[in-house]
Every structure is written in structure tokens, then in C-alpha cells.
Amino acid sequence: MTRLSDYFLPTLKDPPADAEAISHQLLVRAGMVRQLGAGLWTYLPAGWRVHRKIEAILREEMDAIGAQEMLAPVLQPAEHWEKTGRYAIDELFKLEDRRGAPMVLAMTHEEALTSHVARDVRSYRDLPVMLYQFQVKERDEPRPRAGVLRTREFIMKDAYSFDRDQDGLEASYARQSEAYERIFERCGLEWYRVESDVGMMGGSGAHEFMAPCAAGENDVALSDAGYAANVEVACATASPIEELPEPLAAPEPVATPGARSIDEVSALLDVPRGALIKSMPMIVGEEERPLLCLLRGDHSLNEIKLRNALGAAVRQARQEEIGERFGSPVGFVGPIGSPAGVLADEALRGMSGMVAGANRADTHLLGVDLERDLSADWADFRTVEVGDCCPAGAEIRIEPAIEVGNIFKLGTRYSKPLGATFLDEDGAEQTIVMGSYGIGPARILAAAVEQFADDAGICWPRAIAPFDIEIVALGKGDEEVAKVANDLYEDLRALGLDVLYDDREASPGQKFADAELLGCPLRATIGRRGLEAGELELQVRRGLEQSALALDGAAQEILERWQSLA
RNA sequence: CGGGGCGUGGCGCAGCUUGGUAGCGCGCCUGCUUUGGGAGCAGGAGGUCCCCGGUUCAAAUCCGGGCGCCCCGACCA
């Protein structure tokens, strides 16, 4: 019997001073997690129960699509990471064994799993295969934050698909995606699937599963027409600029002494910020090629989109490089007459009467029309903004969300360097086509706290609550109360519910407060008052609605109520 | 990596400016009373004041160095 009097659930009246995020505060206060170091968290019994419930759901859904559970080590020889070129990643923990051999702590398991498949899969007959595990990941995060949301060590469900060709990958990817939808639905989260950047994973396509919440680290662009994308990759049509200056037959210089920023120039010339052309000196790729990137003055550059458009790494030019490579004083850089290549953002198409830097101190040009005045390359590399229009014409809004899962089409990013190949029907050697699919149970847990908490504490979705119901017995030493509580406990257990029994010698207020903090979906209160009427009181945690229940047949009634909860 | 903040009993904090007995609330232990919304009374336990060094008769307090943690940004499957 799980009695609170001997269960390790150290609750706190006040949140730790350094906790900011709601999930951070509540998980600590409710006695579910404790911090061991920056980004290093221990799950106490109640918190671990939630984690395990989430794992169970993941396991069922992975098994249901034919994925096979296994386990690979966290500590790995560096060799495999050198082969895939990921040994240089800053977030990768590196160490040496006693012989001085370079080792790493895995941040994900593509190298390990792909190596095994490379060794043991030889024939098209062995494919496709989908493997998964729950395993610790280690990442030397530059900044762990928000309690359990961004940590240096965490458990991930990571799955990997191995197919013989792109069609196979597409099918595996679709199966995983559908499983993910069922998983987040079952966990009771509010969630959506968005297009995402492939990032350091490499590969040809990716989606993220996002749970909207205040503590979210990602910004997601959404529209009522169903558009959903991480702002890192989101594309939209810009809202037009009102009151553009008159177009001119040709660009004309204008004195703008000391006006180096968009705001200064806009104020000095009395034109909207969007009438300016923002010229951003960038340096592209290994070869350090200078490139002048042009944006509407009120827009901002999205380095990820730019990198993806160029297919190369980019960075902003340093102050001294601007003079040397872009031939202009800082603050007056512009496209016309620029020695560097020019790449204009699509939002500038068709605009005339624009203001741009003149590549001369204290001077700008009026009446610039990019398509008329120079031949630039064009691409979409601006960050979308609230009020833009999605492809279906609906207005874009942006909200914070936490990434709870992601799926990647890896292609041959790992199979090629690790030699994961097979022989096809014709005896020809082919490279395996891969996908990878990750979910962080801790993030599901934290997102659920964030999404459903109220002033009193956590309100767990039914499927992942540490316990289904908490019985609160009132009245110290009242044997009848204790007996009724005990009986109810056993009856509910027999019906398959997880029950927590608060049998402590604490005041009613304290017990109620702790129960609401922990957030089990139901609370059954048994006290003298109710007993005399032959009743107990049932509280639904979400909404705190209370009702009286006849003691006779209470367990069955409670089960039915529980089944009807979200 | 840049900016800011914090480190004093389990939690939240005061004390530091102006050096001299380490304090408050909550929690914890014991006893009695109390039991439908964080109870009352009485008694009690618990602190290398983050660490190292310096100044001083004397350092939580002043000085130097280090470490840890949090927040913002950069970064980030």
C-alpha cells in the first residue's frame, strides 16, 4: 500500500528562489525532482513514476509499428564519431580511458546503431528494420535551463529506421510520424507538428512535435489555415509597407550625416523603416566569400534560412572586414556599386523608391529599385513576423513552444561514412537509407505541467499522472475513517487504479494543499462529516470541482469518473 | 562566449555599508491540546556564513583569487 506517511515525497511550501519556469517550480515543490548540479536532475519516486508512465506509452506505440527495443552504451569509442565528422561538436562530452584512448559520451546514437547495422546487415532481405531504445544522452549544453526542460543529461527514446531506398524511408518516416501523433494524443498534451531545420543531424527533411507553453524555447509560426513551422524555417508573405516614398528615375544621393542605423536613417529622412534596404555584410563558407544580404528595413535576417539557401555556413562580417571586403564605411553599406556579391530577400521584389546605403560616409541613396538598378540573386532568408500571411493566406501568429519530439530523414548521412550497405537482388552494393526519431519523456512531463497547472499546483493528464487518485483520510486516530480509507484503497487497486493514500497525521489544509500540488486527477476525501452521511467526497483536480459519492459502490463510480477524464 | 545577479541551518531570507555574541519565518524533533483548507502552547535539535589566501588583536562583514548556481543574449536534434 502506498502510504504517504512512508513515501518519499518531500513537498515544499515555497519554490526554490532560482526557479523561474512553472514546471521547474512545481516539479520541485511537489517533491518529484531534485537538482544535483547545473542541468543534472534526479527523479524522486513520484517524478519517476510519471517518467515511466510516459515510457510505457512510447514503448507500446513503438512496438505497435514494429520497432524493436534494444540498448546501446552511452560510453563509446571516439572512432565512430570521427568517421561521421561529429567528433568536433562542442556539445559532445569527450574523455579518455586509462590507456589514453579517446572516448565520448553519446549525445545521440546514430553512430552506434548504424555501426551495428553496418556490421550485421548484408542483404536486402534484412531490410527494412527499425530499432529503438530508451537511453541516457549526454550533452555539454552551453546553458542548461528551466529545470528539466533543457538538461545536460536526459533519457531519450531514440528510434532509427534502416531502409533500402528513399521510398522505404518515406514509409518508415510516415509510420513514425503517425505513432508520434498517437503518443502525444495519449499523453494528453496540446501539441502540433511543424516543419523544422535539419540542424547538425544533417539529412533531407525533418519535423518537430511541439507543445505550446510559456517556458518554450522555440518560436513557432502558426496560422488558422493550418500552417505550422518553426520560425527557424518558416516562410510567409510579408505584409506591405504603407506610404512608400515616390519612385525616382534613378537613384539619387542624399546626405545622412551620422545616420548609421535603420532607425536613425528612417527618422532623419522621415520614411518608414520598411522603405529602407537593410544591407548586411556576411561572410560565406570556408572560402570566406563576402556576400551582401539585403532585407527590407523592418525585417530581420534568419541565419538558418540563409545557410540553407546558400548550402554553406555563414557569419556576419566583422567591423574591420566591412571596410576591406565591402568597400564601405560601417553604417553606409549598400548594394549599388558594392564589390561583394549581392543576395536580396524575396520580400524586396517589386519595391521601388527605396533607401539604401551609398557605400560612402554620411550618404544614402534615394529611389533605389533593386530589379532595375542592379542584378542581384534572390532568396527567402528573412525571419517571418506576426501579421505576415501564410501560403494559404491566413495571418501568421508566433508562439513559444517546447520541442517534445522530432523526426528526421537522415538519408545516407550516417550510413555512408560508417559503411552501412547491403546487396540488392542483382548483387549490387547499395547504401542503407536512414531515419531517426527522438522523444524526450522529461519534456513531455514538463510540458504537461506547464500546460495544465493552476494556482494550486499541477493538474496531470490522466494517462501520465503519478497516481490515478489520492485518498485523503481526515481525523487522526479515527478508526472508522481509516478502515473506510483502507477498504477504498483495496477496492480501487482491484479495479486497476494506482492509488496514493495520505494517512499522515497532518492538518486537513496541509493534506489538501499537498494533494493539489502533486496534481493527481482525482482526490477522494474521507472524514467524519461524510461518513455520518454515508458519503465520501470526490474532487476532480482540473477545475477543482467537488461532489459527494455514496460509500456504497464508490470504487466503481470512481473508476467510471476516472475513465471519463482527459 | 558576452551581460547581469546570487552563495548565511532542509526551504525562503535578514545581518555585510560602519569588523567584535550568527538572527527571523517556514520546516524538523519531543510532549500536551487540535483535525474539512497550510492549527495552538511549551520545550528542543540543527550553521566549516561556498572555498583558498590576505589585512586585522578580531572577518559572514574589508581586500585578492577561485568555485558553484540562476537569469538575459549568443548557442542548441
# chains A, B, ... in the order shown; residues from 1 in each chain; ligands from 1
>>> interface_residues(of="chain B", to="chain A", cutoff="8 Å", atoms="only C-alpha atoms (C1' of nucleotides)", output="list in words")
C11, G12, C26, U35, G36, G37, G38, A39, C69, C70, C75, C76 and A77 of chain B
>>> residues_around(residues="G54 (chain B)", least_positions_apart="5", cutoff="12 Å", atoms="only C-alpha atoms (C1' of nucleotides)", output="VMD selection string")
chain B and resid 59 62 to 65
>>> write_last_selection(atoms="all heavy atoms", output="mmCIF file, in the first residue's frame")
data_model
loop_
_atom_site.group_PDB
_atom_site.id
_atom_site.type_symbol
_atom_site.label_atom_id
_atom_site.label_comp_id
_atom_site.auth_asym_id
_atom_site.auth_seq_id
_atom_site.Cartn_x
_atom_site.Cartn_y
_atom_site.Cartn_z
ATOM 1 P P A B 59 39.409 36.841 12.355
ATOM 2 O OP1 A B 59 39.009 35.421 12.163
ATOM 3 O OP2 A B 59 40.620 37.357 11.706
ATOM 4 O "O5'" A B 59 38.201 37.787 11.955
ATOM 5 C "C5'" A B 59 36.896 37.585 12.494
ATOM 6 C "C4'" A B 59 35.881 37.683 11.387
ATOM 7 O "O4'" A B 59 36.071 38.946 10.690
ATOM 8 C "C3'" A B 59 36.018 36.602 10.318
ATOM 9 O "O3'" A B 59 34.728 36.344 9.760
ATOM 10 C "C2'" A B 59 36.888 37.259 9.262
ATOM 11 O "O2'" A B 59 36.686 36.743 7.984
ATOM 12 C "C1'" A B 59 36.359 38.694 9.322
ATOM 13 N N9 A B 59 37.315 39.709 8.862
ATOM 14 C C8 A B 59 38.652 39.578 8.625
ATOM 15 N N7 A B 59 39.231 40.679 8.205
ATOM 16 C C5 A B 59 38.187 41.594 8.160
ATOM 17 C C6 A B 59 38.136 42.939 7.797
ATOM 18 N N6 A B 59 39.189 43.649 7.396
ATOM 19 N N1 A B 59 36.938 43.561 7.853
ATOM 20 C C2 A B 59 35.882 42.851 8.263
ATOM 21 N N3 A B 59 35.803 41.582 8.645
ATOM 22 C C4 A B 59 37.007 41.005 8.562
ATOM 23 P P C B 62 32.040 43.407 2.987
ATOM 24 O OP1 C B 62 31.136 44.508 2.594
ATOM 25 O OP2 C B 62 32.112 42.173 2.192
ATOM 26 O "O5'" C B 62 33.529 43.976 3.115
ATOM 27 C "C5'" C B 62 33.767 45.337 3.454
ATOM 28 C "C4'" C B 62 35.251 45.625 3.393
ATOM 29 O "O4'" C B 62 35.894 45.070 4.581
ATOM 30 C "C3'" C B 62 35.982 44.944 2.244
ATOM 31 O "O3'" C B 62 35.877 45.688 1.042
ATOM 32 C "C2'" C B 62 37.407 44.894 2.764
ATOM 33 O "O2'" C B 62 38.043 46.153 2.648
ATOM 34 C "C1'" C B 62 37.178 44.588 4.244
ATOM 35 N N1 C B 62 37.233 43.137 4.546
ATOM 36 C C2 C B 62 38.468 42.478 4.479
ATOM 37 O O2 C B 62 39.476 43.126 4.171
ATOM 38 N N3 C B 62 38.530 41.164 4.764
ATOM 39 C C4 C B 62 37.419 40.494 5.095
ATOM 40 N N4 C B 62 37.527 39.201 5.378
ATOM 41 C C5 C B 62 36.149 41.135 5.159
ATOM 42 C C6 C B 62 36.096 42.443 4.878
ATOM 43 P P C B 63 35.873 44.912 -0.337
ATOM 44 O OP1 C B 63 35.472 45.901 -1.363
ATOM 45 O OP2 C B 63 35.118 43.651 -0.201
ATOM 46 O "O5'" C B 63 37.399 44.542 -0.551
ATOM 47 C "C5'" C B 63 38.395 45.545 -0.688
ATOM 48 C "C4'" C B 63 39.754 44.909 -0.887
ATOM 49 O "O4'" C B 63 40.137 44.214 0.335
ATOM 50 C "C3'" C B 63 39.787 43.817 -1.942
ATOM 51 O "O3'" C B 63 39.928 44.333 -3.248
ATOM 52 C "C2'" C B 63 40.994 43.000 -1.511
ATOM 53 O "O2'" C B 63 42.207 43.629 -1.875
ATOM 54 C "C1'" C B 63 40.846 43.032 0.008
ATOM 55 N N1 C B 63 40.105 41.866 0.534
ATOM 56 C C2 C B 63 40.776 40.643 0.643
ATOM 57 O O2 C B 63 41.961 40.580 0.275
ATOM 58 N N3 C B 63 40.111 39.569 1.133
ATOM 59 C C4 C B 63 38.839 39.690 1.503
ATOM 60 N N4 C B 63 38.238 38.596 1.982
ATOM 61 C C5 C B 63 38.132 40.910 1.392
ATOM 62 C C6 C B 63 38.797 41.966 0.909
ATOM 63 P P G B 64 39.356 43.502 -4.502
ATOM 64 O OP1 G B 64 39.481 44.356 -5.687
ATOM 65 O OP2 G B 64 38.038 42.923 -4.131
ATOM 66 O "O5'" G B 64 40.396 42.299 -4.622
ATOM 67 C "C5'" G B 64 41.729 42.552 -5.048
ATOM 68 C "C4'" G B 64 42.520 41.270 -5.093
ATOM 69 O "O4'" G B 64 42.630 40.715 -3.756
ATOM 70 C "C3'" G B 64 41.888 40.134 -5.894
ATOM 71 O "O3'" G B 64 42.092 40.266 -7.286
ATOM 72 C "C2'" G B 64 42.604 38.921 -5.312
ATOM 73 O "O2'" G B 64 43.925 38.811 -5.808
ATOM 74 C "C1'" G B 64 42.656 39.301 -3.829
ATOM 75 N N9 G B 64 41.495 38.756 -3.107
ATOM 76 C C8 G B 64 40.356 39.432 -2.732
ATOM 77 N N7 G B 64 39.504 38.666 -2.108
ATOM 78 C C5 G B 64 40.111 37.423 -2.060
ATOM 79 C C6 G B 64 39.668 36.201 -1.502
ATOM 80 O O6 G B 64 38.614 35.956 -0.920
ATOM 81 N N1 G B 64 40.601 35.178 -1.691
ATOM 82 C C2 G B 64 41.803 35.331 -2.325
ATOM 83 N N2 G B 64 42.569 34.233 -2.414
ATOM 84 N N3 G B 64 42.238 36.469 -2.848
ATOM 85 C C4 G B 64 41.342 37.459 -2.673
ATOM 86 P P G B 65 41.025 39.620 -8.295
ATOM 87 O OP1 G B 65 41.430 40.032 -9.648
ATOM 88 O OP2 G B 65 39.666 39.932 -7.802
ATOM 89 O "O5'" G B 65 41.260 38.050 -8.138
ATOM 90 C "C5'" G B 65 42.460 37.462 -8.639
ATOM 91 C "C4'" G B 65 42.583 36.042 -8.159
ATOM 92 O "O4'" G B 65 42.470 36.005 -6.715
ATOM 93 C "C3'" G B 65 41.486 35.084 -8.607
ATOM 94 O "O3'" G B 65 41.649 34.640 -9.940
ATOM 95 C "C2'" G B 65 41.638 33.962 -7.593
ATOM 96 O "O2'" G B 65 42.761 33.159 -7.878
ATOM 97 C "C1'" G B 65 41.897 34.769 -6.313
ATOM 98 N N9 G B 65 40.618 35.030 -5.626
ATOM 99 C C8 G B 65 39.894 36.205 -5.584
ATOM 100 N N7 G B 65 38.789 36.090 -4.896
ATOM 101 C C5 G B 65 38.777 34.766 -4.452
ATOM 102 C C6 G B 65 37.838 34.058 -3.666
ATOM 103 O O6 G B 65 36.778 34.467 -3.179
ATOM 104 N N1 G B 65 38.226 32.738 -3.470
ATOM 105 C C2 G B 65 39.378 32.175 -3.969
ATOM 106 N N2 G B 65 39.572 30.885 -3.672
ATOM 107 N N3 G B 65 40.268 32.818 -4.702
ATOM 108 C C4 G B 65 39.902 34.107 -4.901
#
>>> select_by_dssp(residues="region 224-439 of chain A", states="alpha helix (DSSP H)", output="PyMOL selection string")
chain A and resi 262-269+303-310+319-326+370-373
>>> residues_around(residues="Glu217 (chain A)", least_positions_apart="5", cutoff="12 Å", atoms="only C-alpha atoms (C1' of nucleotides)", output="PyMOL selection string")
(chain A and resi 21+144-146+149-150+210-212+230-232+399-404+443+447) or (chain B and resi 76)
>>> residues_around(residues="Val50 (chain A)", least_positions_apart="3", cutoff="8 Å", atoms="only C-alpha atoms (C1' of nucleotides)", output="list in words")
Ala46, Gly47, Lys53, Ile54, Leu445, Ile464, Ala465 and Pro466 of chain A
>>> write_last_selection(atoms="N, CA and C atoms", output="mmCIF file, in the first residue's frame")
data_model
loop_
_atom_site.group_PDB
_atom_site.id
_atom_site.type_symbol
_atom_site.label_atom_id
_atom_site.label_comp_id
_atom_site.auth_asym_id
_atom_site.auth_seq_id
_atom_site.Cartn_x
_atom_site.Cartn_y
_atom_site.Cartn_z
ATOM 1 N N ALA A 46 7.929 9.848 -7.099
ATOM 2 C CA ALA A 46 6.708 10.274 -7.795
ATOM 3 C C ALA A 46 7.030 10.776 -9.203
ATOM 4 N N GLY A 47 8.123 11.510 -9.343
ATOM 5 C CA GLY A 47 8.516 12.010 -10.659
ATOM 6 C C GLY A 47 8.887 10.861 -11.592
ATOM 7 N N LYS A 53 5.492 6.139 -16.802
ATOM 8 C CA LYS A 53 4.198 6.038 -17.486
ATOM 9 C C LYS A 53 4.325 6.533 -18.928
ATOM 10 N N ILE A 54 5.090 7.597 -19.084
ATOM 11 C CA ILE A 54 5.310 8.113 -20.434
ATOM 12 C C ILE A 54 6.086 7.092 -21.259
ATOM 13 N N LEU A 445 6.778 15.408 -19.790
ATOM 14 C CA LEU A 445 6.422 15.603 -18.392
ATOM 15 C C LEU A 445 6.364 17.102 -18.056
ATOM 16 N N ILE A 464 -0.680 10.117 -17.582
ATOM 17 C CA ILE A 464 0.709 10.168 -17.123
ATOM 18 C C ILE A 464 0.836 10.632 -15.678
ATOM 19 N N ALA A 465 -0.282 10.704 -14.972
ATOM 20 C CA ALA A 465 -0.243 11.130 -13.568
ATOM 21 C C ALA A 465 0.529 10.115 -12.734
ATOM 22 N N PRO A 466 1.235 10.591 -11.690
ATOM 23 C CA PRO A 466 1.997 9.653 -10.867
ATOM 24 C C PRO A 466 1.077 8.617 -10.224
#
